[in-house]
>>> print(open('target-v8.tsv').read())   # TSV, C-alpha atoms and all ligand atoms
chain	number	residue	atom	x	y	z
A	1	MET	CA	-4.16	-5.34	5.65
A	2	LYS	CA	-3.88	-3.07	8.70
A	3	ARG	CA	-6.16	-4.12	11.59
A	4	ARG	CA	-8.72	-1.66	12.91
A	5	LYS	CA	-7.81	-0.32	16.36
A	6	LEU	CA	-9.66	-1.84	19.31
A	7	ARG	CA	-12.54	0.33	20.46
A	8	LEU	CA	-13.36	-0.31	24.13
A	9	GLY	CA	-16.06	0.98	26.42
A	10	ILE	CA	-15.70	1.32	30.16
A	11	LEU	CA	-18.33	2.05	32.80
A	12	THR	CA	-18.74	2.15	36.57
A	13	GLY	CA	-22.03	0.82	38.00
A	14	GLY	CA	-23.75	0.66	41.40
A	15	GLY	CA	-22.55	2.55	44.46
A	16	ASP	CA	-19.16	4.20	44.09
A	17	GLY	CA	-16.14	2.84	45.92
A	18	PRO	CA	-12.59	4.07	46.48
A	19	GLY	CA	-10.34	2.84	43.69
A	20	LEU	CA	-12.72	3.16	40.74
A	21	ASN	CA	-10.60	5.91	39.22
A	22	ALA	CA	-7.45	3.89	39.81
A	23	VAL	CA	-8.98	1.02	37.80
A	24	ILE	CA	-10.16	3.33	35.01
A	25	ARG	CA	-6.64	4.75	34.83
A	26	ALA	CA	-5.05	1.31	34.63
A	27	VAL	CA	-7.45	-0.02	31.98
A	28	VAL	CA	-7.20	3.05	29.75
A	29	LYS	CA	-3.43	3.53	30.08
A	30	LYS	CA	-2.64	-0.13	29.43
A	31	GLY	CA	-5.22	-0.41	26.66
A	32	ILE	CA	-3.74	2.58	24.85
A	33	SER	CA	-0.05	1.97	25.48
A	34	GLU	CA	0.03	-1.79	24.84
A	35	HIS	CA	-2.80	-2.26	22.35
A	36	GLY	CA	-3.34	1.13	20.75
A	37	ALA	CA	-6.98	0.94	21.87
A	38	ARG	CA	-9.43	3.84	21.69
A	39	PHE	CA	-11.72	4.29	24.67
A	40	VAL	CA	-15.20	5.57	25.23
A	41	GLY	CA	-16.26	6.27	28.81
A	42	ILE	CA	-19.91	5.44	29.40
A	43	LEU	CA	-21.35	7.97	31.86
A	44	ASP	CA	-23.45	7.07	34.91
A	45	GLY	CA	-23.20	3.30	34.61
A	46	PHE	CA	-25.53	1.37	32.30
A	47	GLN	CA	-27.83	4.40	32.30
A	48	GLY	CA	-25.35	6.05	29.95
A	49	LEU	CA	-25.81	3.21	27.47
A	50	ILE	CA	-29.57	3.62	27.67
A	51	GLU	CA	-29.72	7.42	27.57
A	52	ARG	CA	-26.81	7.97	25.12
A	53	ARG	CA	-24.40	9.55	27.60
A	54	TRP	CA	-20.73	8.87	26.84
A	55	LYS	CA	-17.47	10.58	25.94
A	56	ASP	CA	-14.10	9.64	24.48
A	57	LEU	CA	-11.38	8.96	27.06
A	58	THR	CA	-7.76	9.79	26.29
A	59	TYR	CA	-4.54	8.91	28.09
A	60	ASP	CA	-4.44	12.43	29.53
A	61	ASP	CA	-8.03	12.19	30.78
A	62	VAL	CA	-7.02	9.42	33.16
A	63	SER	CA	-3.79	10.98	34.42
A	64	GLY	CA	-3.70	12.27	37.99
A	65	ILE	CA	-6.74	10.33	39.22
A	66	LEU	CA	-5.07	7.35	40.93
A	67	HIS	CA	-5.68	8.63	44.45
A	68	ILE	CA	-9.08	10.26	43.99
A	69	ALA	CA	-12.25	8.56	45.33
A	70	GLY	CA	-15.52	8.62	43.38
A	71	THR	CA	-15.52	8.00	39.65
A	72	ILE	CA	-14.78	10.36	36.77
A	73	LEU	CA	-17.47	8.50	34.80
A	74	GLY	CA	-20.27	8.90	37.34
A	75	THR	CA	-22.40	5.99	38.49
A	76	THR	CA	-25.91	5.05	39.55
A	77	ASN	CA	-27.63	2.10	41.13
A	78	LYS	CA	-30.80	2.81	39.13
A	79	GLY	CA	-29.61	1.88	35.67
A	80	ASP	CA	-30.63	-1.76	35.21
A	81	PRO	CA	-31.47	-2.11	31.50
A	82	PHE	CA	-33.51	-5.24	32.22
A	83	ALA	CA	-35.75	-3.38	34.71
A	84	TYR	CA	-35.53	0.29	33.84
A	85	GLY	CA	-38.36	1.82	35.85
A	86	PRO	CA	-41.63	2.22	33.96
A	87	ARG	CA	-39.88	1.51	30.63
A	88	GLY	CA	-39.13	-2.05	31.78
A	89	ASP	CA	-36.65	-4.04	29.68
A	90	VAL	CA	-34.58	-1.66	27.53
A	91	SER	CA	-31.71	-4.05	26.85
A	92	ARG	CA	-32.32	-3.76	23.07
A	93	THR	CA	-31.56	-0.04	23.33
A	94	VAL	CA	-28.27	-0.90	25.02
A	95	LEU	CA	-27.43	-3.38	22.24
A	96	LYS	CA	-28.23	-0.72	19.62
A	97	HIS	CA	-25.92	1.79	21.30
A	98	VAL	CA	-23.11	-0.73	21.76
A	99	LYS	CA	-23.32	-1.36	18.00
A	100	GLU	CA	-23.51	2.34	17.19
A	101	LEU	CA	-20.35	2.94	19.26
A	102	GLY	CA	-18.60	0.06	17.49
A	103	LEU	CA	-17.46	-1.41	20.80
A	104	ASP	CA	-15.21	-4.46	20.55
A	105	ALA	CA	-15.66	-4.97	24.28
A	106	LEU	CA	-17.13	-3.33	27.35
A	107	VAL	CA	-15.31	-3.27	30.71
A	108	CYS	CA	-17.77	-3.03	33.62
A	109	LEU	CA	-16.67	-2.05	37.13
A	110	GLY	CA	-19.18	-2.84	39.84
A	111	GLY	CA	-20.56	-5.07	42.54
A	112	ASP	CA	-23.00	-7.99	42.48
A	113	GLY	CA	-25.76	-5.94	40.81
A	114	THR	CA	-23.47	-4.74	38.04
A	115	MET	CA	-22.10	-8.25	37.45
A	116	LYS	CA	-25.64	-9.58	37.11
A	117	ILE	CA	-26.48	-6.97	34.48
A	118	ALA	CA	-23.13	-7.63	32.77
A	119	GLU	CA	-23.91	-11.37	32.58
A	120	GLY	CA	-27.36	-10.58	31.16
A	121	LEU	CA	-25.87	-8.38	28.42
A	122	ALA	CA	-23.12	-10.92	27.75
A	123	ARG	CA	-25.81	-13.53	27.15
A	124	LEU	CA	-27.24	-11.19	24.51
A	125	GLY	CA	-23.86	-11.08	22.78
A	126	VAL	CA	-22.05	-8.05	24.26
A	127	ARG	CA	-18.36	-8.86	24.80
A	128	ILE	CA	-17.93	-8.01	28.47
A	129	VAL	CA	-15.22	-8.18	31.12
A	130	GLY	CA	-16.16	-7.42	34.74
A	131	ILE	CA	-14.05	-5.96	37.54
A	132	PRO	CA	-15.32	-6.47	41.10
A	133	LYS	CA	-15.84	-3.33	43.17
A	134	THR	CA	-17.60	-2.82	46.46
A	135	ILE	CA	-16.65	-1.57	49.87
A	136	ASP	CA	-18.79	-4.45	51.22
A	137	ASN	CA	-16.40	-7.15	49.90
A	138	ASP	CA	-19.39	-9.37	49.18
A	139	VAL	CA	-18.75	-10.29	45.53
A	140	VAL	CA	-18.32	-14.06	45.19
A	141	GLY	CA	-15.35	-15.60	43.40
A	142	THR	CA	-12.77	-13.10	44.60
A	143	ASP	CA	-11.05	-13.00	47.97
A	144	VAL	CA	-11.33	-9.25	48.02
A	145	THR	CA	-12.79	-6.33	46.10
A	146	PHE	CA	-11.08	-2.96	45.77
A	147	GLY	CA	-12.64	-0.28	48.00
A	148	PHE	CA	-12.96	-2.65	50.94
A	149	ASP	CA	-9.57	-1.88	52.48
A	150	THR	CA	-10.29	1.85	52.39
A	151	ALA	CA	-13.72	1.46	53.97
A	152	VAL	CA	-12.25	-0.74	56.70
A	153	LYS	CA	-9.54	1.83	57.38
A	154	VAL	CA	-12.08	4.64	57.78
A	155	ALA	CA	-14.23	2.52	60.08
A	156	ALA	CA	-11.35	1.03	62.10
A	157	ASP	CA	-9.81	4.47	62.64
A	158	ALA	CA	-13.17	5.79	63.89
A	159	VAL	CA	-13.63	2.84	66.26
A	160	GLN	CA	-10.13	3.32	67.60
A	161	VAL	CA	-10.46	7.10	68.04
A	162	LEU	CA	-13.81	6.81	69.85
A	163	HIS	CA	-12.17	4.85	72.67
A	164	ALA	CA	-10.93	8.10	74.24
A	165	THR	CA	-14.28	9.82	74.65
A	166	ALA	CA	-15.96	6.53	75.63
A	167	ASP	CA	-13.39	6.07	78.39
A	168	ALA	CA	-13.61	9.70	79.53
A	169	HIS	CA	-17.38	9.50	80.06
A	170	ARG	CA	-17.81	5.83	81.05
A	171	ARG	CA	-20.05	5.40	78.01
A	172	VAL	CA	-21.05	2.86	75.43
A	173	MET	CA	-20.18	4.13	71.96
A	174	VAL	CA	-22.14	2.53	69.12
A	175	VAL	CA	-20.52	2.87	65.68
A	176	GLU	CA	-22.70	2.07	62.67
A	177	VAL	CA	-20.77	0.89	59.62
A	178	MET	CA	-21.95	0.01	56.11
A	179	GLY	CA	-22.81	-3.51	55.01
A	180	ARG	CA	-26.51	-4.02	54.44
A	181	THR	CA	-26.19	-7.69	53.51
A	182	ALA	CA	-22.71	-8.79	54.52
A	183	GLY	CA	-20.81	-7.99	57.69
A	184	TRP	CA	-17.25	-7.95	56.32
A	185	ILE	CA	-16.64	-4.26	57.06
A	186	GLY	CA	-18.03	-4.61	60.60
A	187	LEU	CA	-15.95	-7.72	61.24
A	188	HIS	CA	-12.65	-6.31	59.96
A	189	ALA	CA	-13.12	-2.79	61.35
A	190	GLY	CA	-14.27	-4.21	64.68
A	191	ILE	CA	-11.19	-6.38	64.99
A	192	ALA	CA	-8.78	-3.71	63.72
A	193	GLY	CA	-10.32	-0.97	65.88
A	194	GLY	CA	-10.55	-3.07	69.01
A	195	ALA	CA	-14.35	-3.16	69.32
A	196	ASP	CA	-15.86	-5.02	72.28
A	197	VAL	CA	-19.05	-6.02	70.49
A	198	ILE	CA	-19.58	-6.63	66.75
A	199	LEU	CA	-23.09	-7.04	65.35
A	200	ILE	CA	-23.33	-8.28	61.76
A	201	PRO	CA	-26.26	-9.58	59.68
A	202	GLU	CA	-24.93	-13.15	59.50
A	203	ILE	CA	-24.78	-13.81	63.26
A	204	PRO	CA	-28.12	-13.75	65.09
A	205	ALA	CA	-27.74	-11.49	68.11
A	206	SER	CA	-29.92	-10.06	70.85
A	207	ILE	CA	-29.85	-6.80	72.77
A	208	ALA	CA	-30.19	-8.84	75.97
A	209	ALA	CA	-26.93	-10.66	75.22
A	210	VAL	CA	-25.21	-7.37	74.30
A	211	ALA	CA	-26.37	-5.80	77.59
A	212	ALA	CA	-25.19	-8.85	79.54
A	213	HIS	CA	-21.75	-8.59	77.89
A	214	ILE	CA	-21.56	-4.87	78.73
A	215	GLY	CA	-22.56	-5.65	82.33
A	216	ARG	CA	-19.79	-8.22	82.72
A	217	ARG	CA	-17.27	-5.93	81.08
A	218	HIS	CA	-18.12	-2.87	83.16
A	219	ARG	CA	-17.20	-4.66	86.36
A	220	THR	CA	-13.60	-3.96	85.40
A	221	ARG	CA	-13.77	-1.51	82.47
A	222	ARG	CA	-15.16	2.02	82.07
A	223	PHE	CA	-16.56	1.78	78.53
A	224	THR	CA	-17.67	-0.44	75.67
A	225	ILE	CA	-17.40	0.04	71.91
A	226	VAL	CA	-20.13	-1.60	69.82
A	227	VAL	CA	-19.77	-1.89	66.04
A	228	VAL	CA	-23.07	-2.41	64.23
A	229	ALA	CA	-23.30	-3.25	60.52
A	230	GLU	CA	-26.24	-1.41	58.97
A	231	GLY	CA	-27.82	-4.72	57.99
A	232	ALA	CA	-27.62	-6.24	61.48
A	233	ALA	CA	-30.93	-7.32	62.96
A	234	PRO	CA	-30.56	-8.06	66.66
A	235	GLU	CA	-33.51	-9.71	68.35
A	236	GLY	CA	-35.61	-7.09	70.09
A	237	ILE	CA	-35.46	-4.65	67.17
A	238	ASP	CA	-38.05	-4.51	64.39
A	239	ARG	CA	-35.66	-4.40	61.44
A	240	ALA	CA	-38.38	-3.92	58.83
A	241	ALA	CA	-39.24	-0.54	60.32
A	242	LEU	CA	-35.68	0.79	60.06
A	243	HIS	CA	-33.73	2.65	57.37
A	244	PRO	CA	-29.92	2.45	57.13
A	245	GLY	CA	-28.53	5.05	59.51
A	246	ILE	CA	-31.16	4.19	62.12
A	247	ILE	CA	-30.01	0.78	63.30
A	248	GLY	CA	-27.06	2.28	65.23
A	249	THR	CA	-29.31	4.78	66.98
A	250	THR	CA	-31.83	2.06	67.77
A	251	VAL	CA	-29.18	-0.24	69.22
A	252	ALA	CA	-27.85	2.68	71.33
A	253	ASP	CA	-31.40	3.42	72.58
A	254	ARG	CA	-31.92	-0.20	73.62
A	255	ILE	CA	-28.56	-0.27	75.42
A	256	GLU	CA	-29.54	2.90	77.28
A	257	GLU	CA	-32.82	1.25	78.27
A	258	ALA	CA	-30.71	-1.57	79.72
A	259	GLY	CA	-28.99	1.01	81.93
A	260	TYR	CA	-25.82	2.06	80.09
A	261	GLU	CA	-25.37	5.61	78.83
A	262	SER	CA	-24.79	5.38	75.07
A	263	ARG	CA	-23.93	7.57	72.09
A	264	VAL	CA	-23.96	6.72	68.40
A	265	THR	CA	-21.75	7.58	65.43
A	266	VAL	CA	-23.00	6.73	61.94
A	267	LEU	CA	-20.07	6.62	59.53
A	268	GLY	CA	-22.20	6.29	56.40
A	269	HIS	CA	-20.72	7.48	53.14
A	270	LEU	CA	-17.44	8.59	54.71
A	271	GLN	CA	-16.52	4.93	54.14
A	272	ARG	CA	-17.04	5.33	50.39
A	273	SER	CA	-15.52	8.74	49.87
A	274	ALA	CA	-12.03	8.48	51.40
A	275	PRO	CA	-9.00	8.39	49.09
A	276	PRO	CA	-8.17	4.76	48.27
A	277	THR	CA	-5.53	3.21	50.53
A	278	PRO	CA	-2.25	2.06	48.96
A	279	ALA	CA	-3.56	-1.54	49.09
A	280	ASP	CA	-6.68	-0.54	47.14
A	281	ARG	CA	-4.64	1.43	44.59
A	282	VAL	CA	-2.43	-1.59	44.02
A	283	LEU	CA	-5.37	-4.02	43.73
A	284	ALA	CA	-7.22	-1.61	41.42
A	285	THR	CA	-4.17	-1.34	39.17
A	286	ARG	CA	-3.73	-5.13	39.07
A	287	PHE	CA	-7.42	-5.66	38.27
A	288	GLY	CA	-7.34	-3.01	35.53
A	289	ALA	CA	-4.28	-4.52	33.90
A	290	ALA	CA	-5.76	-8.04	34.13
A	291	ALA	CA	-9.03	-6.89	32.52
A	292	VAL	CA	-7.13	-5.58	29.49
A	293	ASP	CA	-5.31	-8.92	29.24
A	294	LEU	CA	-8.67	-10.73	29.14
A	295	VAL	CA	-9.92	-8.43	26.39
A	296	ALA	CA	-6.71	-8.87	24.39
A	297	ALA	CA	-6.97	-12.66	24.75
A	298	GLY	CA	-10.61	-12.59	23.61
A	299	LYS	CA	-11.76	-14.03	26.94
A	300	PHE	CA	-15.14	-12.44	27.55
A	301	ARG	CA	-18.09	-12.98	29.89
A	302	ARG	CA	-15.60	-13.22	32.76
A	303	MET	CA	-14.78	-11.21	35.89
A	304	VAL	CA	-11.21	-10.64	37.06
A	305	ALA	CA	-10.59	-11.81	40.60
A	306	VAL	CA	-7.86	-12.36	43.15
A	307	ARG	CA	-7.57	-15.70	44.89
A	308	GLY	CA	-4.79	-16.72	47.24
A	309	GLY	CA	-2.92	-13.55	46.27
A	310	ARG	CA	-2.96	-14.37	42.55
A	311	ILE	CA	-4.89	-12.60	39.83
A	312	THR	CA	-7.29	-14.89	37.99
A	313	SER	CA	-10.76	-14.72	36.44
A	314	ILE	CA	-14.08	-16.54	36.67
A	315	PRO	CA	-17.18	-16.74	34.48
A	316	LEU	CA	-19.70	-13.97	35.17
A	317	SER	CA	-22.40	-16.63	35.38
A	318	LYS	CA	-20.78	-17.89	38.59
A	319	VAL	CA	-20.96	-14.41	40.13
A	320	ALA	CA	-24.31	-13.09	38.96
A	321	GLY	CA	-27.06	-13.01	41.56
A	322	ARG	CA	-24.89	-14.31	44.40
A	323	VAL	CA	-23.50	-12.62	47.53
A	324	LYS	CA	-20.50	-13.63	49.66
A	325	LEU	CA	-21.56	-13.61	53.31
A	326	VAL	CA	-19.46	-14.03	56.44
A	327	PRO	CA	-19.62	-17.73	57.42
A	328	ARG	CA	-20.62	-17.94	61.09
A	329	GLY	CA	-17.65	-20.14	61.86
A	330	HIS	CA	-15.19	-17.96	59.92
A	331	GLU	CA	-11.67	-17.92	61.28
A	332	LEU	CA	-11.88	-14.15	61.86
A	333	VAL	CA	-15.02	-14.59	63.95
A	334	ALA	CA	-13.19	-17.16	66.06
A	335	ALA	CA	-10.15	-14.86	66.37
A	336	ALA	CA	-12.35	-11.98	67.52
A	337	ARG	CA	-14.07	-14.19	70.09
A	338	ALA	CA	-10.66	-15.36	71.28
A	339	VAL	CA	-9.75	-11.79	72.25
A	340	GLY	CA	-12.99	-11.30	74.15
A	341	THR	CA	-15.18	-9.71	71.46
A	342	SER	CA	-18.86	-10.53	71.66
A	343	PHE	CA	-21.11	-11.02	68.63
A	344	GLY	CA	-24.16	-10.46	70.78
A	345	ASP	CA	-25.10	-14.11	70.57
A	346	ALA	CA	-24.15	-15.37	74.02
A	401	LIG	O1	-23.04	-1.67	48.50
A	401	LIG	C1	-22.26	-0.63	48.97
A	401	LIG	C2	-23.02	0.23	49.94
A	401	LIG	O2	-22.15	1.24	50.38
A	401	LIG	C3	-23.64	-0.51	51.11
A	401	LIG	O3	-22.74	-0.85	52.12
A	401	LIG	C4	-24.71	0.46	51.52
A	401	LIG	O4	-25.78	-0.19	52.16
A	401	LIG	C5	-25.18	1.01	50.22
A	401	LIG	O5	-24.12	0.88	49.31
A	401	LIG	C6	-25.64	2.42	50.30
A	401	LIG	O6	-26.11	2.80	49.06
A	401	LIG	P1	-26.61	4.28	48.73
A	401	LIG	O7	-25.41	5.13	48.53
A	401	LIG	O8	-27.39	4.12	47.47
A	401	LIG	O9	-27.43	4.75	49.88
>>> encode(input="target-v8.tsv", output="structure tokens", more="lines below")
Ligand code: F6P
Amino acid sequence: MKRRKLRLGILTGGGDGPGLNAVIRAVVKKGISEHGARFVGILDGFQGLIERRWKDLTYDDVSGILHIAGTILGTTNKGDPFAYGPRGDVSRTVLKHVKELGLDALVCLGGDGTMKIAEGLARLGVRIVGIPKTIDNDVVGTDVTFGFDTAVKVAADAVQVLHATADAHRRVMVVEVMGRTAGWIGLHAGIAGGADVILIPEIPASIAAVAAHIGRRHRTRRFTIVVVAEGAAPEGIDRAALHPGIIGTTVADRIEEAGYESRVTVLGHLQRSAPPTPADRVLATRFGAAAVDLVAAGKFRRMVAVRGGRITSIPLSKVAGRVKLVPRGHELVAAARAVGTSFGDA
């Protein structure tokens, strides 16, 4: 008897990140060419599975999108079926629609929030494979997520470029980067861009220590570049009163009060919207191919990952609800300190 063709769903959840389209392309192309699968693209993350928004995806639909940021499927960070606004838990609706679509498996691309939802649905019986995405690089169980390299490139380039105007005017330039919980972007972009101060959520800092560092530096230098992760909370600033996009300005204001002329650049969503770097396109393609292998092997309730350069996978239950923070004693923190970078803590 001839076997029915695999019918697979794919969705992108949470904030977008460069490389989502590259993953979609890899999953759909490999699924079709090696397994004869048929694909349905769920639109706007899990919301599409709640609100009945989806469309068939063909091989041609995913051609020519490797290098394009964003996601052809749309996404949202407001589509949690277990806490769907006033309607509350609508996970049964999702189950009904998964059945209606005849999905043999669902491939979910997203960060920690998406993986938590994926694990919840997997517990209810949906056959799910996760693929870790976030510019923040804070998903546990994988050394790196796709999107991170691109965000770091945008931020590092900005930090580097701002040296010229900082030097010209003898100013402090504060550059706010994303990372509301984890400081990976700030740490990498600060090192790669040659920042003098890096403020990240994981390392307690104070404006007084930052000002002291600037004072010492300006005895021999004309300028200082300060990278601030949006989730940083230096002592002397009431974090609770701030929105993202304000912390950089606030840090710059405090540095001015300490006597150093300062300007601020908030990079914001530029970090999410740049075309994926070659490294992110490669990682996205590897992750997409690996996800199809998991589906074909019947290994569900797992997330693909990369560890020590090798593609592997781990149970979603080990990822759900956890965040990978920068350890205070991380080797990169030590390396940055070794080249004279301050974390505002001494
Ligand atoms: O998690 C990725 C991220 O870009 C964070 O770094 C940032 O705090 C957040 O998303 C911004 O989300 P939104 O686009 O919903 O404002």
>>> closest_atom_pairs(input="target-v8.tsv", of="chain A", to="ligand LIG 401 (chain A)", cutoff="8 Å", atoms="all atoms listed in the file", output="tab-separated table")
residue	atom	partner	partner_atom	distance
A:Gly14	CA	A:LIG401	O1	7.5
A:Gly15	CA	A:LIG401	O5	5.4
A:Asp16	CA	A:LIG401	C1	7.5
A:Gly17	CA	A:LIG401	O2	7.7
A:Asn77	CA	A:LIG401	O8	6.7
A:Gly111	CA	A:LIG401	O1	7.3
A:Thr134	CA	A:LIG401	C1	5.7
A:Ile135	CA	A:LIG401	C1	5.8
A:Asp136	CA	A:LIG401	O3	5.4
A:Val177	CA	A:LIG401	O3	7.9
A:Met178	CA	A:LIG401	O3	4.2
A:Gly179	CA	A:LIG401	O3	3.9
A:Arg180	CA	A:LIG401	O4	4.5
A:Thr181	CA	A:LIG401	O4	7.6
A:Glu230	CA	A:LIG401	O4	6.9
A:Gly231	CA	A:LIG401	O4	7.7
A:Pro244	CA	A:LIG401	O4	7.0
A:Gly268	CA	A:LIG401	O2	7.9
A:His269	CA	A:LIG401	O2	7.0
A:Gln271	CA	A:LIG401	O2	7.7
A:Arg272	CA	A:LIG401	O2	6.5
>>> atom_distance(input="target-v8.tsv", atom1="atom CA of Ala305 of chain A", atom2="atom CA of Ile131 of chain A")
7.5 Å
>>> atom_distance(input="target-v8.tsv", atom1="atom CA of Phe146 of chain A", atom2="atom CA of Arg38 of chain A")
25.1 Å
>>> atom_distance(input="target-v8.tsv", atom1="atom CA of Pro204 of chain A", atom2="atom CA of Ile246 of chain A")
18.4 Å
>>> closest_residue(input="target-v8.tsv", among="A:Val306, A:Gly183, A:Thr341, A:Val292", to="Lys29 of chain A", atoms="only C-alpha atoms")
A:Val292
>>> closest_residue(input="target-v8.tsv", among="A:Pro275, A:Gly125, A:Gly141, A:Gly41", to="Asp61 of chain A", atoms="all atoms listed in the file")
A:Gly41
>>> axis_aligned_box(input="target-v8.tsv", around="segment 33-48 of chain A", padding_each_side="5 Å", output="JSON")
{"center_x": -13.9, "center_y": 2.9, "center_z": 27.8, "size_x": 37.9, "size_y": 20.2, "size_z": 24.2}
>>> closest_residue(input="target-v8.tsv", among="A:Glu261, A:Ile247, A:Arg170, A:Leu267", to="Ala156 of chain A", atoms="all atoms listed in the file")
A:Leu267
>>> residues_around(input="target-v8.tsv", residues="Thr145 of chain A", least_positions_apart="3", cutoff="8 Å", atoms="all atoms listed in the file", output="list in words")
Pro132, Lys133, Thr134, Ile135, Asn137, Asp138, Val139, Thr142 and Phe148 of chain A
>>> residues_around(input="target-v8.tsv", residues="Gly298 of chain A", least_positions_apart="2", cutoff="10 Å", atoms="all atoms listed in the file", output="list in words")
Asp104, Ala105, Arg127, Ile128, Val129, Val292, Asp293, Leu294, Val295, Ala296, Phe300 and Arg301 of chain A
>>> closest_residue(input="target-v8.tsv", among="A:Ala211, A:Met173, A:Ala151, A:Ile72", to="Ser273 of chain A", atoms="only C-alpha atoms")
A:Ala151
>>> residues_around(input="target-v8.tsv", residues="segment 96-101 of chain A", least_positions_apart="3", cutoff="7 Å", atoms="all atoms listed in the file", output="PyMOL selection string")
chain A and resi 49+92-93
>>> residues_around(input="target-v8.tsv", residues="Pro278 of chain A", least_positions_apart="6", cutoff="12 Å", atoms="only C-alpha atoms", output="VMD selection string")
chain A and resid 18 to 19 22 66 to 68 146 to 150 153 284 to 285
>>> residues_around(input="target-v8.tsv", residues="Arg286 of chain A", least_positions_apart="2", cutoff="10 Å", atoms="only C-alpha atoms", output="PyMOL selection string")
chain A and resi 22-23+26-27+280-284+288-291+304-306+310-311
>>> closest_residue(input="target-v8.tsv", among="A:Ile42, A:Ala166, A:Ala208, A:Ala229", to="Gly186 of chain A", atoms="all atoms listed in the file")
A:Ala229
>>> closest_residue(input="target-v8.tsv", among="A:Ile207, A:Val152, A:Leu187, A:Ala212", to="Ala233 of chain A", atoms="all atoms listed in the file")
A:Ile207
>>> residues_near_point(input="target-v8.tsv", point="(-27.3, -2.3, 37.7)", cutoff="6 Å", atoms="only C-alpha atoms", output="ChimeraX atom specification")
/A:14,77,79-80,113-114,117
>>> write_last_selection(input="target-v8.tsv", atoms="C-alpha atoms", output="PDB file, in the frame of the given file")
ATOM      1  CA  GLY A  14     -23.750   0.660  41.400  1.00  0.00           C
ATOM      2  CA  ASN A  77     -27.630   2.100  41.130  1.00  0.00           C
ATOM      3  CA  GLY A  79     -29.610   1.880  35.670  1.00  0.00           C
ATOM      4  CA  ASP A  80     -30.630  -1.760  35.210  1.00  0.00           C
ATOM      5  CA  GLY A 113     -25.760  -5.940  40.810  1.00  0.00           C
ATOM      6  CA  THR A 114     -23.470  -4.740  38.040  1.00  0.00           C
ATOM      7  CA  ILE A 117     -26.480  -6.970  34.480  1.00  0.00           C
TER       8      ILE A 117
END
>>> residues_near_point(input="target-v8.tsv", point="(-21.9, -16.0, 37.4)", cutoff="9 Å", atoms="all atoms listed in the file", output="list in words")
Met115, Lys116, Glu119, Val140, Gly141, Arg301, Arg302, Met303, Ile314, Pro315, Leu316, Ser317, Lys318, Val319, Ala320, Gly321 and Arg322 of chain A
>>> decode(input="target-v8.tsv", residues="segment 240-260 of chain A", atoms="C-alpha atoms", output="tab-separated table (two decimals), in the first residue's frame")
chain	number	residue	atom	x	y	z
A	240	ALA	CA	11.47	50.16	36.80
A	241	ALA	CA	10.61	53.60	35.45
A	242	LEU	CA	12.31	53.02	32.09
A	243	HIS	CA	11.16	51.60	28.74
A	244	PRO	CA	13.59	50.00	26.28
A	245	GLY	CA	15.10	52.80	24.22
A	246	ILE	CA	15.37	55.01	27.31
A	247	ILE	CA	18.17	53.34	29.24
A	248	GLY	CA	20.82	54.61	26.78
A	249	THR	CA	19.55	58.16	27.05
A	250	THR	CA	19.40	57.91	30.82
A	251	VAL	CA	22.95	56.59	31.06
A	252	ALA	CA	24.13	59.42	28.75
A	253	ASP	CA	22.32	61.99	30.95
A	254	ARG	CA	24.00	60.65	34.10
A	255	ILE	CA	27.42	60.72	32.42
A	256	GLU	CA	26.80	64.34	31.40
A	257	GLU	CA	25.89	65.14	35.01
A	258	ALA	CA	29.28	63.68	35.95
A	259	GLY	CA	30.89	66.24	33.65
A	260	TYR	CA	31.40	64.51	30.29
